[in-house]
file query_18.pdb (PDB, N, CA and C atoms)
ATOM      1  N   GLU B1437       0.843  -1.184   0.000
ATOM      2  CA  GLU B1437       0.000   0.000   0.000
ATOM      3  C   GLU B1437       0.886   1.244   0.000
ATOM      4  N   LEU B1438       0.420   2.288  -0.675
ATOM      5  CA  LEU B1438       1.185   3.523  -0.803
ATOM      6  C   LEU B1438       1.457   4.175   0.547
ATOM      7  N   ARG B1439       0.471   4.160   1.412
ATOM      8  CA  ARG B1439       0.653   4.797   2.720
ATOM      9  C   ARG B1439       1.775   4.115   3.508
ATOM     10  N   VAL B1440       1.842   2.802   3.440
ATOM     11  CA  VAL B1440       2.906   2.056   4.122
ATOM     12  C   VAL B1440       4.255   2.417   3.526
ATOM     13  N   ALA B1441       4.340   2.509   2.204
ATOM     14  CA  ALA B1441       5.592   2.887   1.539
ATOM     15  C   ALA B1441       6.034   4.280   1.971
ATOM     16  N   ARG B1442       5.068   5.168   2.142
ATOM     17  CA  ARG B1442       5.412   6.529   2.587
ATOM     18  C   ARG B1442       5.952   6.525   4.007
ATOM     19  N   PHE B1443       5.336   5.749   4.884
ATOM     20  CA  PHE B1443       5.848   5.674   6.254
ATOM     21  C   PHE B1443       7.236   5.051   6.288
ATOM     22  N   ARG B1444       7.461   4.042   5.458
ATOM     23  CA  ARG B1444       8.807   3.453   5.378
ATOM     24  C   ARG B1444       9.821   4.490   4.911
ATOM     25  N   ALA B1445       9.440   5.267   3.905
ATOM     26  CA  ALA B1445      10.340   6.297   3.383
ATOM     27  C   ALA B1445      10.658   7.337   4.458
ATOM     28  N   LEU B1446       9.660   7.699   5.246
ATOM     29  CA  LEU B1446       9.851   8.710   6.285
ATOM     30  C   LEU B1446      10.578   8.163   7.500
ATOM     31  N   GLY B1447      10.690   6.838   7.616
ATOM     32  CA  GLY B1447      11.319   6.227   8.774
ATOM     33  C   GLY B1447      12.832   6.330   8.796
ATOM     34  N   ASP B1448      13.426   6.752   7.713
ATOM     35  CA  ASP B1448      14.878   6.876   7.643
ATOM     36  C   ASP B1448      15.289   8.295   8.034
ATOM     37  N   PRO B1449      16.256   8.456   8.945
ATOM     38  CA  PRO B1449      16.654   9.797   9.389
ATOM     39  C   PRO B1449      17.146  10.709   8.262
ATOM     40  N   THR B1450      17.853  10.150   7.298
ATOM     41  CA  THR B1450      18.342  10.977   6.187
ATOM     42  C   THR B1450      17.183  11.477   5.342
ATOM     43  N   ARG B1451      16.247  10.594   5.037
ATOM     44  CA  ARG B1451      15.105  11.016   4.232
ATOM     45  C   ARG B1451      14.242  12.016   4.993
ATOM     46  N   LEU B1452      14.140  11.853   6.288
ATOM     47  CA  LEU B1452      13.404  12.826   7.094
ATOM     48  C   LEU B1452      14.091  14.184   7.040
ATOM     49  N   SER B1453      15.423  14.199   7.026
ATOM     50  CA  SER B1453      16.172  15.456   6.878
ATOM     51  C   SER B1453      15.896  16.101   5.526
ATOM     52  N   VAL B1454      15.813  15.293   4.491
ATOM     53  CA  VAL B1454      15.493  15.818   3.157
ATOM     54  C   VAL B1454      14.108  16.458   3.184
ATOM     55  N   ILE B1455      13.139  15.773   3.785
ATOM     56  CA  ILE B1455      11.778  16.311   3.892
ATOM     57  C   ILE B1455      11.791  17.638   4.629
ATOM     58  N   GLN B1456      12.544  17.719   5.706
ATOM     59  CA  GLN B1456      12.628  18.965   6.471
ATOM     60  C   GLN B1456      13.218  20.092   5.636
ATOM     61  N   GLN B1457      14.223  19.798   4.834
ATOM     62  CA  GLN B1457      14.804  20.805   3.953
ATOM     63  C   GLN B1457      13.798  21.267   2.910
ATOM     64  N   LEU B1458      13.062  20.322   2.347
ATOM     65  CA  LEU B1458      12.104  20.658   1.298
ATOM     66  C   LEU B1458      10.858  21.346   1.851
ATOM     67  N   ALA B1459      10.607  21.210   3.138
ATOM     68  CA  ALA B1459       9.471  21.906   3.749
ATOM     69  C   ALA B1459       9.641  23.421   3.656
ATOM     70  N   ALA B1460      10.877  23.868   3.538
ATOM     71  CA  ALA B1460      11.163  25.302   3.406
ATOM     72  C   ALA B1460      11.035  25.782   1.964
ATOM     73  N   GLY B1461      10.861  24.856   1.021
ATOM     74  CA  GLY B1461      10.717  25.229  -0.383
ATOM     75  C   GLY B1461      11.517  24.328  -1.298
ATOM     76  N   THR B1462      11.333  24.520  -2.580
ATOM     77  CA  THR B1462      12.024  23.731  -3.600
ATOM     78  C   THR B1462      13.526  23.926  -3.477
ATOM     79  N   ARG B1463      14.252  22.839  -3.617
ATOM     80  CA  ARG B1463      15.714  22.876  -3.534
ATOM     81  C   ARG B1463      16.302  22.045  -4.666
ATOM     82  N   CYS B1464      17.435  22.480  -5.165
ATOM     83  CA  CYS B1464      18.167  21.663  -6.129
ATOM     84  C   CYS B1464      19.065  20.700  -5.344
ATOM     85  N   VAL B1465      19.543  19.689  -6.029
ATOM     86  CA  VAL B1465      20.393  18.694  -5.382
ATOM     87  C   VAL B1465      21.604  19.357  -4.743
ATOM     88  N   CYS B1466      22.166  20.348  -5.411
ATOM     89  CA  CYS B1466      23.360  21.003  -4.868
ATOM     90  C   CYS B1466      23.060  21.651  -3.517
ATOM     91  N   GLU B1467      21.878  22.237  -3.360
ATOM     92  CA  GLU B1467      21.504  22.840  -2.078
ATOM     93  C   GLU B1467      21.282  21.778  -1.015
ATOM     94  N   LEU B1468      20.666  20.682  -1.391
ATOM     95  CA  LEU B1468      20.455  19.602  -0.434
ATOM     96  C   LEU B1468      21.784  19.029   0.036
ATOM     97  N   ARG B1469      22.735  18.880  -0.882
ATOM     98  CA  ARG B1469      24.057  18.352  -0.508
ATOM     99  C   ARG B1469      24.748  19.262   0.488
ATOM    100  N   ASP B1470      24.501  20.567   0.395
ATOM    101  CA  ASP B1470      25.117  21.513   1.336
ATOM    102  C   ASP B1470      24.597  21.331   2.761
ATOM    103  N   HIS B1471      23.383  20.813   2.899
ATOM    104  CA  HIS B1471      22.753  20.696   4.220
ATOM    105  C   HIS B1471      22.699  19.274   4.759
ATOM    106  N   ILE B1472      22.910  18.299   3.897
ATOM    107  CA  ILE B1472      22.839  16.899   4.306
ATOM    108  C   ILE B1472      24.181  16.265   3.983
ATOM    109  N   ASP B1473      24.891  15.853   4.997
ATOM    110  CA  ASP B1473      26.278  15.415   4.859
ATOM    111  C   ASP B1473      26.381  13.933   4.474
ATOM    112  N   ILE B1474      26.031  13.646   3.208
ATOM    113  CA  ILE B1474      26.198  12.304   2.659
ATOM    114  C   ILE B1474      26.692  12.441   1.226
ATOM    115  N   SER B1475      27.138  11.352   0.656
ATOM    116  CA  SER B1475      27.656  11.390  -0.714
ATOM    117  C   SER B1475      26.523  11.657  -1.707
ATOM    118  N   GLY B1476      26.900  12.157  -2.863
ATOM    119  CA  GLY B1476      25.928  12.428  -3.926
ATOM    120  C   GLY B1476      25.119  11.204  -4.328
ATOM    121  N   PRO B1477      25.782  10.056  -4.580
ATOM    122  CA  PRO B1477      25.020   8.866  -4.961
ATOM    123  C   PRO B1477      24.050   8.408  -3.864
ATOM    124  N   LEU B1478      24.445   8.522  -2.606
ATOM    125  CA  LEU B1478      23.551   8.120  -1.523
ATOM    126  C   LEU B1478      22.374   9.085  -1.412
ATOM    127  N   LEU B1479      22.622  10.374  -1.601
ATOM    128  CA  LEU B1479      21.533  11.353  -1.600
ATOM    129  C   LEU B1479      20.563  11.055  -2.746
ATOM    130  N   SER B1480      21.087  10.717  -3.901
ATOM    131  CA  SER B1480      20.232  10.367  -5.042
ATOM    132  C   SER B1480      19.360   9.161  -4.730
ATOM    133  N   HIS B1481      19.925   8.183  -4.041
ATOM    134  CA  HIS B1481      19.148   7.004  -3.645
ATOM    135  C   HIS B1481      17.985   7.413  -2.734
ATOM    136  N   HIS B1482      18.276   8.220  -1.735
ATOM    137  CA  HIS B1482      17.230   8.640  -0.800
ATOM    138  C   HIS B1482      16.153   9.467  -1.513
ATOM    139  N   LEU B1483      16.557  10.316  -2.431
ATOM    140  CA  LEU B1483      15.584  11.106  -3.194
ATOM    141  C   LEU B1483      14.714  10.201  -4.066
ATOM    142  N   ALA B1484      15.307   9.159  -4.633
ATOM    143  CA  ALA B1484      14.537   8.222  -5.449
ATOM    144  C   ALA B1484      13.489   7.495  -4.604
ATOM    145  N   VAL B1485      13.846   7.119  -3.388
ATOM    146  CA  VAL B1485      12.888   6.462  -2.500
ATOM    147  C   VAL B1485      11.725   7.411  -2.202
ATOM    148  N   LEU B1486      12.046   8.669  -1.932
ATOM    149  CA  LEU B1486      10.997   9.660  -1.647
ATOM    150  C   LEU B1486      10.119   9.915  -2.877
ATOM    151  N   ARG B1487      10.735   9.942  -4.063
ATOM    152  CA  ARG B1487       9.960  10.105  -5.307
ATOM    153  C   ARG B1487       9.050   8.906  -5.528
ATOM    154  N   ASP B1488       9.591   7.709  -5.358
ATOM    155  CA  ASP B1488       8.804   6.487  -5.562
ATOM    156  C   ASP B1488       7.618   6.420  -4.602
ATOM    157  N   ALA B1489       7.795   6.977  -3.411
ATOM    158  CA  ALA B1489       6.711   6.994  -2.425
ATOM    159  C   ALA B1489       5.727   8.133  -2.689
ATOM    160  N   GLY B1490       6.049   8.973  -3.663
ATOM    161  CA  GLY B1490       5.153  10.072  -4.016
ATOM    162  C   GLY B1490       5.221  11.264  -3.083
ATOM    163  N   LEU B1491       6.281  11.339  -2.274
ATOM    164  CA  LEU B1491       6.391  12.433  -1.308
ATOM    165  C   LEU B1491       7.091  13.661  -1.870
ATOM    166  N   VAL B1492       7.891  13.471  -2.895
ATOM    167  CA  VAL B1492       8.559  14.600  -3.541
ATOM    168  C   VAL B1492       8.413  14.466  -5.056
ATOM    169  N   THR B1493       8.493  15.604  -5.723
ATOM    170  CA  THR B1493       8.503  15.624  -7.182
ATOM    171  C   THR B1493       9.823  16.220  -7.638
ATOM    172  N   ALA B1494      10.206  15.883  -8.845
ATOM    173  CA  ALA B1494      11.471  16.362  -9.399
ATOM    174  C   ALA B1494      11.218  17.022 -10.740
ATOM    175  N   SER B1495      11.954  18.098 -10.999
ATOM    176  CA  SER B1495      11.885  18.739 -12.310
ATOM    177  C   SER B1495      13.287  19.161 -12.714
ATOM    178  N   ARG B1496      13.600  18.921 -13.965
ATOM    179  CA  ARG B1496      14.940  19.220 -14.477
ATOM    180  C   ARG B1496      15.024  20.686 -14.881
ATOM    181  N   ARG B1497      16.135  21.302 -14.491
ATOM    182  CA  ARG B1497      16.437  22.692 -14.853
ATOM    183  C   ARG B1497      17.876  22.704 -15.354
ATOM    184  N   GLY B1498      18.022  22.555 -16.671
ATOM    185  CA  GLY B1498      19.368  22.448 -17.231
ATOM    186  C   GLY B1498      20.020  21.174 -16.735
ATOM    187  N   ARG B1499      21.191  21.295 -16.136
ATOM    188  CA  ARG B1499      21.863  20.099 -15.612
ATOM    189  C   ARG B1499      21.474  19.790 -14.180
ATOM    190  N   TRP B1500      20.670  20.641 -13.572
ATOM    191  CA  TRP B1500      20.253  20.445 -12.187
ATOM    192  C   TRP B1500      18.850  19.859 -12.121
ATOM    193  N   VAL B1501      18.570  19.181 -11.022
ATOM    194  CA  VAL B1501      17.231  18.673 -10.758
ATOM    195  C   VAL B1501      16.735  19.345  -9.483
ATOM    196  N   ASP B1502      15.562  19.950  -9.580
ATOM    197  CA  ASP B1502      14.936  20.592  -8.436
ATOM    198  C   ASP B1502      13.922  19.644  -7.821
ATOM    199  N   TYR B1503      13.910  19.590  -6.499
ATOM    200  CA  TYR B1503      12.987  18.723  -5.774
ATOM    201  C   TYR B1503      12.018  19.570  -4.968
ATOM    202  N   THR B1504      10.758  19.139  -4.960
ATOM    203  CA  THR B1504       9.698  19.846  -4.254
ATOM    204  C   THR B1504       8.922  18.845  -3.406
ATOM    205  N   LEU B1505       8.627  19.236  -2.192
ATOM    206  CA  LEU B1505       7.819  18.407  -1.310
ATOM    207  C   LEU B1505       6.372  18.428  -1.791
ATOM    208  N   ASP B1506       5.756  17.263  -1.865
ATOM    209  CA  ASP B1506       4.340  17.179  -2.199
ATOM    210  C   ASP B1506       3.572  17.215  -0.883
ATOM    211  N   GLY B1507       3.198  18.404  -0.483
ATOM    212  CA  GLY B1507       2.532  18.610   0.801
ATOM    213  C   GLY B1507       1.229  17.854   0.920
ATOM    214  N   GLU B1508       0.497  17.761  -0.172
ATOM    215  CA  GLU B1508      -0.776  17.032  -0.135
ATOM    216  C   GLU B1508      -0.542  15.543   0.130
ATOM    217  N   ALA B1509       0.476  14.990  -0.488
ATOM    218  CA  ALA B1509       0.796  13.570  -0.252
ATOM    219  C   ALA B1509       1.233  13.358   1.179
ATOM    220  N   LEU B1510       2.021  14.290   1.708
ATOM    221  CA  LEU B1510       2.464  14.176   3.085
ATOM    222  C   LEU B1510       1.262  14.258   4.037
ATOM    223  N   ASP B1511       0.377  15.200   3.792
ATOM    224  CA  ASP B1511      -0.827  15.319   4.625
ATOM    225  C   ASP B1511      -1.679  14.051   4.553
ATOM    226  N   ALA B1512      -1.830  13.503   3.340
ATOM    227  CA  ALA B1512      -2.640  12.308   3.159
ATOM    228  C   ALA B1512      -2.044  11.112   3.883
ATOM    229  N   THR B1513      -0.732  11.101   4.031
ATOM    230  CA  THR B1513      -0.063  10.005   4.724
ATOM    231  C   THR B1513      -0.505   9.941   6.182
ATOM    232  N   PHE B1514      -0.669  11.109   6.786
ATOM    233  CA  PHE B1514      -1.010  11.163   8.198
ATOM    234  C   PHE B1514      -2.505  11.278   8.466
ATOM    235  N   ALA B1515      -3.279  11.495   7.422
ATOM    236  CA  ALA B1515      -4.735  11.569   7.592
ATOM    237  C   ALA B1515      -5.283  10.148   7.746
ATOM    238  N   GLY B1516      -6.272  10.015   8.563
ATOM    239  CA  GLY B1516      -6.875   8.699   8.824
ATOM    240  C   GLY B1516      -7.380   8.092   7.590
TER     241      GLY B1516
END

call {"tool": "encode", "arguments": {"input": "query_18.pdb", "output": "structure tokens"}}
result
Amino acid sequence: ELRVARFRALGDPTRLSVIQQLAAGTRCVCELRDHIDISGPLLSHHLAVLRDAGLVTASRRGRWVDYTLDGEALDATFAG
């Protein structure tokens, strides 16, 4: 179930940090790397898990990818 996948995604401290960063607004990968002290490939893995769970969206801007928190999906995760 999607809701279970979202809770699993949120259960990881690194992914929770990503969510907290994105709660302040859209960020590119370079900005996330500045605030989350992990390697680029590992950050990409965590972002992919969050995308697969439908909690974040990604859009390409030239060579950068911008990530945005899907607030409605996050709210739906915690709604009964």

call {"tool": "residues_around", "arguments": {"input": "query_18.pdb", "residues": "stretch 1479-1489 of chain B", "least_positions_apart": "6", "cutoff": "7 Å", "atoms": "only C-alpha atoms", "output": "list in words"}}
result
Leu1438, Ala1441, Arg1442, Ala1445 and Arg1451 of chain B

call {"tool": "residues_around", "arguments": {"input": "query_18.pdb", "residues": "stretch 1494-1502 of chain B", "least_positions_apart": "5", "cutoff": "8 Å", "atoms": "only N, CA and C atoms", "output": "PyMOL selection string"}}
result
chain B and resi 1462-1466+1487

call {"tool": "axis_aligned_box", "arguments": {"input": "query_18.pdb", "around": "stretch 1494-1505 of chain B", "padding_each_side": "4 Å", "output": "lines of an AutoDock Vina configuration file"}}
result
center_x = 14.1
center_y = 19.3
center_z = -9.3
size_x = 23.5
size_y = 14.8
size_z = 23.9

call {"tool": "resolve_selection", "arguments": {"input": "query_18.pdb", "expression": "the PyMOL selection byres (((chain B and resi 1513 and name CA) around 10) and name CA)", "output": "ChimeraX atom specification"}}
result
/B:1438-1443,1491,1507-1512,1514-1516

call {"tool": "select_by_dssp", "arguments": {"input": "query_18.pdb", "residues": "chain B", "states": "alpha helix (DSSP H)", "output": "number ranges by chain"}}
result
B: 1438-1446, 1449-1458, 1465-1471, 1476-1488, 1507-1514

call {"tool": "build_atoms", "arguments": {"input": "query_18.pdb", "residues": "stretch 1437-1463 of chain B", "atoms": "N, CA, C and O atoms", "output": "PDB file, in the coordinates of the input"}}
result
ATOM      1  N   GLU B1437       0.843  -1.184   0.000  1.00  0.00           N
ATOM      2  CA  GLU B1437       0.000   0.000   0.000  1.00  0.00           C
ATOM      3  C   GLU B1437       0.886   1.244   0.000  1.00  0.00           C
ATOM      4  O   GLU B1437       1.950   1.265   0.608  1.00  0.00           O
ATOM      5  N   LEU B1438       0.420   2.288  -0.675  1.00  0.00           N
ATOM      6  CA  LEU B1438       1.185   3.523  -0.803  1.00  0.00           C
ATOM      7  C   LEU B1438       1.457   4.175   0.547  1.00  0.00           C
ATOM      8  O   LEU B1438       2.556   4.668   0.803  1.00  0.00           O
ATOM      9  N   ARG B1439       0.471   4.160   1.412  1.00  0.00           N
ATOM     10  CA  ARG B1439       0.653   4.797   2.720  1.00  0.00           C
ATOM     11  C   ARG B1439       1.775   4.115   3.508  1.00  0.00           C
ATOM     12  O   ARG B1439       2.582   4.775   4.155  1.00  0.00           O
ATOM     13  N   VAL B1440       1.842   2.802   3.440  1.00  0.00           N
ATOM     14  CA  VAL B1440       2.906   2.056   4.122  1.00  0.00           C
ATOM     15  C   VAL B1440       4.255   2.417   3.526  1.00  0.00           C
ATOM     16  O   VAL B1440       5.229   2.631   4.254  1.00  0.00           O
ATOM     17  N   ALA B1441       4.340   2.509   2.204  1.00  0.00           N
ATOM     18  CA  ALA B1441       5.592   2.887   1.539  1.00  0.00           C
ATOM     19  C   ALA B1441       6.034   4.280   1.971  1.00  0.00           C
ATOM     20  O   ALA B1441       7.223   4.531   2.154  1.00  0.00           O
ATOM     21  N   ARG B1442       5.068   5.168   2.142  1.00  0.00           N
ATOM     22  CA  ARG B1442       5.412   6.529   2.587  1.00  0.00           C
ATOM     23  C   ARG B1442       5.952   6.525   4.007  1.00  0.00           C
ATOM     24  O   ARG B1442       6.931   7.207   4.292  1.00  0.00           O
ATOM     25  N   PHE B1443       5.336   5.749   4.884  1.00  0.00           N
ATOM     26  CA  PHE B1443       5.848   5.674   6.254  1.00  0.00           C
ATOM     27  C   PHE B1443       7.236   5.051   6.288  1.00  0.00           C
ATOM     28  O   PHE B1443       8.107   5.497   7.038  1.00  0.00           O
ATOM     29  N   ARG B1444       7.461   4.042   5.458  1.00  0.00           N
ATOM     30  CA  ARG B1444       8.807   3.453   5.378  1.00  0.00           C
ATOM     31  C   ARG B1444       9.821   4.490   4.911  1.00  0.00           C
ATOM     32  O   ARG B1444      10.937   4.570   5.416  1.00  0.00           O
ATOM     33  N   ALA B1445       9.440   5.267   3.905  1.00  0.00           N
ATOM     34  CA  ALA B1445      10.340   6.297   3.383  1.00  0.00           C
ATOM     35  C   ALA B1445      10.658   7.337   4.458  1.00  0.00           C
ATOM     36  O   ALA B1445      11.792   7.788   4.586  1.00  0.00           O
ATOM     37  N   LEU B1446       9.660   7.699   5.246  1.00  0.00           N
ATOM     38  CA  LEU B1446       9.851   8.710   6.285  1.00  0.00           C
ATOM     39  C   LEU B1446      10.578   8.163   7.500  1.00  0.00           C
ATOM     40  O   LEU B1446      11.062   8.933   8.340  1.00  0.00           O
ATOM     41  N   GLY B1447      10.690   6.838   7.616  1.00  0.00           N
ATOM     42  CA  GLY B1447      11.319   6.227   8.774  1.00  0.00           C
ATOM     43  C   GLY B1447      12.832   6.330   8.796  1.00  0.00           C
ATOM     44  O   GLY B1447      13.458   6.045   9.815  1.00  0.00           O
ATOM     45  N   ASP B1448      13.426   6.752   7.713  1.00  0.00           N
ATOM     46  CA  ASP B1448      14.878   6.876   7.643  1.00  0.00           C
ATOM     47  C   ASP B1448      15.289   8.295   8.034  1.00  0.00           C
ATOM     48  O   ASP B1448      14.748   9.267   7.504  1.00  0.00           O
ATOM     49  N   PRO B1449      16.256   8.456   8.945  1.00  0.00           N
ATOM     50  CA  PRO B1449      16.654   9.797   9.389  1.00  0.00           C
ATOM     51  C   PRO B1449      17.146  10.709   8.262  1.00  0.00           C
ATOM     52  O   PRO B1449      16.862  11.910   8.266  1.00  0.00           O
ATOM     53  N   THR B1450      17.853  10.150   7.298  1.00  0.00           N
ATOM     54  CA  THR B1450      18.342  10.977   6.187  1.00  0.00           C
ATOM     55  C   THR B1450      17.183  11.477   5.342  1.00  0.00           C
ATOM     56  O   THR B1450      17.123  12.656   4.977  1.00  0.00           O
ATOM     57  N   ARG B1451      16.247  10.594   5.037  1.00  0.00           N
ATOM     58  CA  ARG B1451      15.105  11.016   4.232  1.00  0.00           C
ATOM     59  C   ARG B1451      14.242  12.016   4.993  1.00  0.00           C
ATOM     60  O   ARG B1451      13.700  12.953   4.399  1.00  0.00           O
ATOM     61  N   LEU B1452      14.140  11.853   6.288  1.00  0.00           N
ATOM     62  CA  LEU B1452      13.404  12.826   7.094  1.00  0.00           C
ATOM     63  C   LEU B1452      14.091  14.184   7.040  1.00  0.00           C
ATOM     64  O   LEU B1452      13.433  15.219   6.948  1.00  0.00           O
ATOM     65  N   SER B1453      15.423  14.199   7.026  1.00  0.00           N
ATOM     66  CA  SER B1453      16.172  15.456   6.878  1.00  0.00           C
ATOM     67  C   SER B1453      15.896  16.101   5.526  1.00  0.00           C
ATOM     68  O   SER B1453      15.762  17.323   5.428  1.00  0.00           O
ATOM     69  N   VAL B1454      15.813  15.293   4.491  1.00  0.00           N
ATOM     70  CA  VAL B1454      15.493  15.818   3.157  1.00  0.00           C
ATOM     71  C   VAL B1454      14.108  16.458   3.184  1.00  0.00           C
ATOM     72  O   VAL B1454      13.916  17.569   2.676  1.00  0.00           O
ATOM     73  N   ILE B1455      13.139  15.773   3.785  1.00  0.00           N
ATOM     74  CA  ILE B1455      11.778  16.311   3.892  1.00  0.00           C
ATOM     75  C   ILE B1455      11.791  17.638   4.629  1.00  0.00           C
ATOM     76  O   ILE B1455      11.138  18.605   4.218  1.00  0.00           O
ATOM     77  N   GLN B1456      12.544  17.719   5.706  1.00  0.00           N
ATOM     78  CA  GLN B1456      12.628  18.965   6.471  1.00  0.00           C
ATOM     79  C   GLN B1456      13.218  20.092   5.636  1.00  0.00           C
ATOM     80  O   GLN B1456      12.752  21.226   5.700  1.00  0.00           O
ATOM     81  N   GLN B1457      14.223  19.798   4.834  1.00  0.00           N
ATOM     82  CA  GLN B1457      14.804  20.805   3.953  1.00  0.00           C
ATOM     83  C   GLN B1457      13.798  21.267   2.910  1.00  0.00           C
ATOM     84  O   GLN B1457      13.674  22.455   2.628  1.00  0.00           O
ATOM     85  N   LEU B1458      13.062  20.322   2.347  1.00  0.00           N
ATOM     86  CA  LEU B1458      12.104  20.658   1.298  1.00  0.00           C
ATOM     87  C   LEU B1458      10.858  21.346   1.851  1.00  0.00           C
ATOM     88  O   LEU B1458      10.133  22.000   1.102  1.00  0.00           O
ATOM     89  N   ALA B1459      10.607  21.210   3.138  1.00  0.00           N
ATOM     90  CA  ALA B1459       9.471  21.906   3.749  1.00  0.00           C
ATOM     91  C   ALA B1459       9.641  23.421   3.656  1.00  0.00           C
ATOM     92  O   ALA B1459       8.656  24.162   3.645  1.00  0.00           O
ATOM     93  N   ALA B1460      10.877  23.868   3.538  1.00  0.00           N
ATOM     94  CA  ALA B1460      11.163  25.302   3.406  1.00  0.00           C
ATOM     95  C   ALA B1460      11.035  25.782   1.964  1.00  0.00           C
ATOM     96  O   ALA B1460      11.111  26.977   1.706  1.00  0.00           O
ATOM     97  N   GLY B1461      10.861  24.856   1.021  1.00  0.00           N
ATOM     98  CA  GLY B1461      10.717  25.229  -0.383  1.00  0.00           C
ATOM     99  C   GLY B1461      11.517  24.328  -1.298  1.00  0.00           C
ATOM    100  O   GLY B1461      12.290  23.484  -0.847  1.00  0.00           O
ATOM    101  N   THR B1462      11.333  24.520  -2.580  1.00  0.00           N
ATOM    102  CA  THR B1462      12.024  23.731  -3.600  1.00  0.00           C
ATOM    103  C   THR B1462      13.526  23.926  -3.477  1.00  0.00           C
ATOM    104  O   THR B1462      14.004  25.037  -3.255  1.00  0.00           O
ATOM    105  N   ARG B1463      14.252  22.839  -3.617  1.00  0.00           N
ATOM    106  CA  ARG B1463      15.714  22.876  -3.534  1.00  0.00           C
ATOM    107  C   ARG B1463      16.302  22.045  -4.666  1.00  0.00           C
ATOM    108  O   ARG B1463      15.763  21.006  -5.039  1.00  0.00           O
TER     109      ARG B1463
END
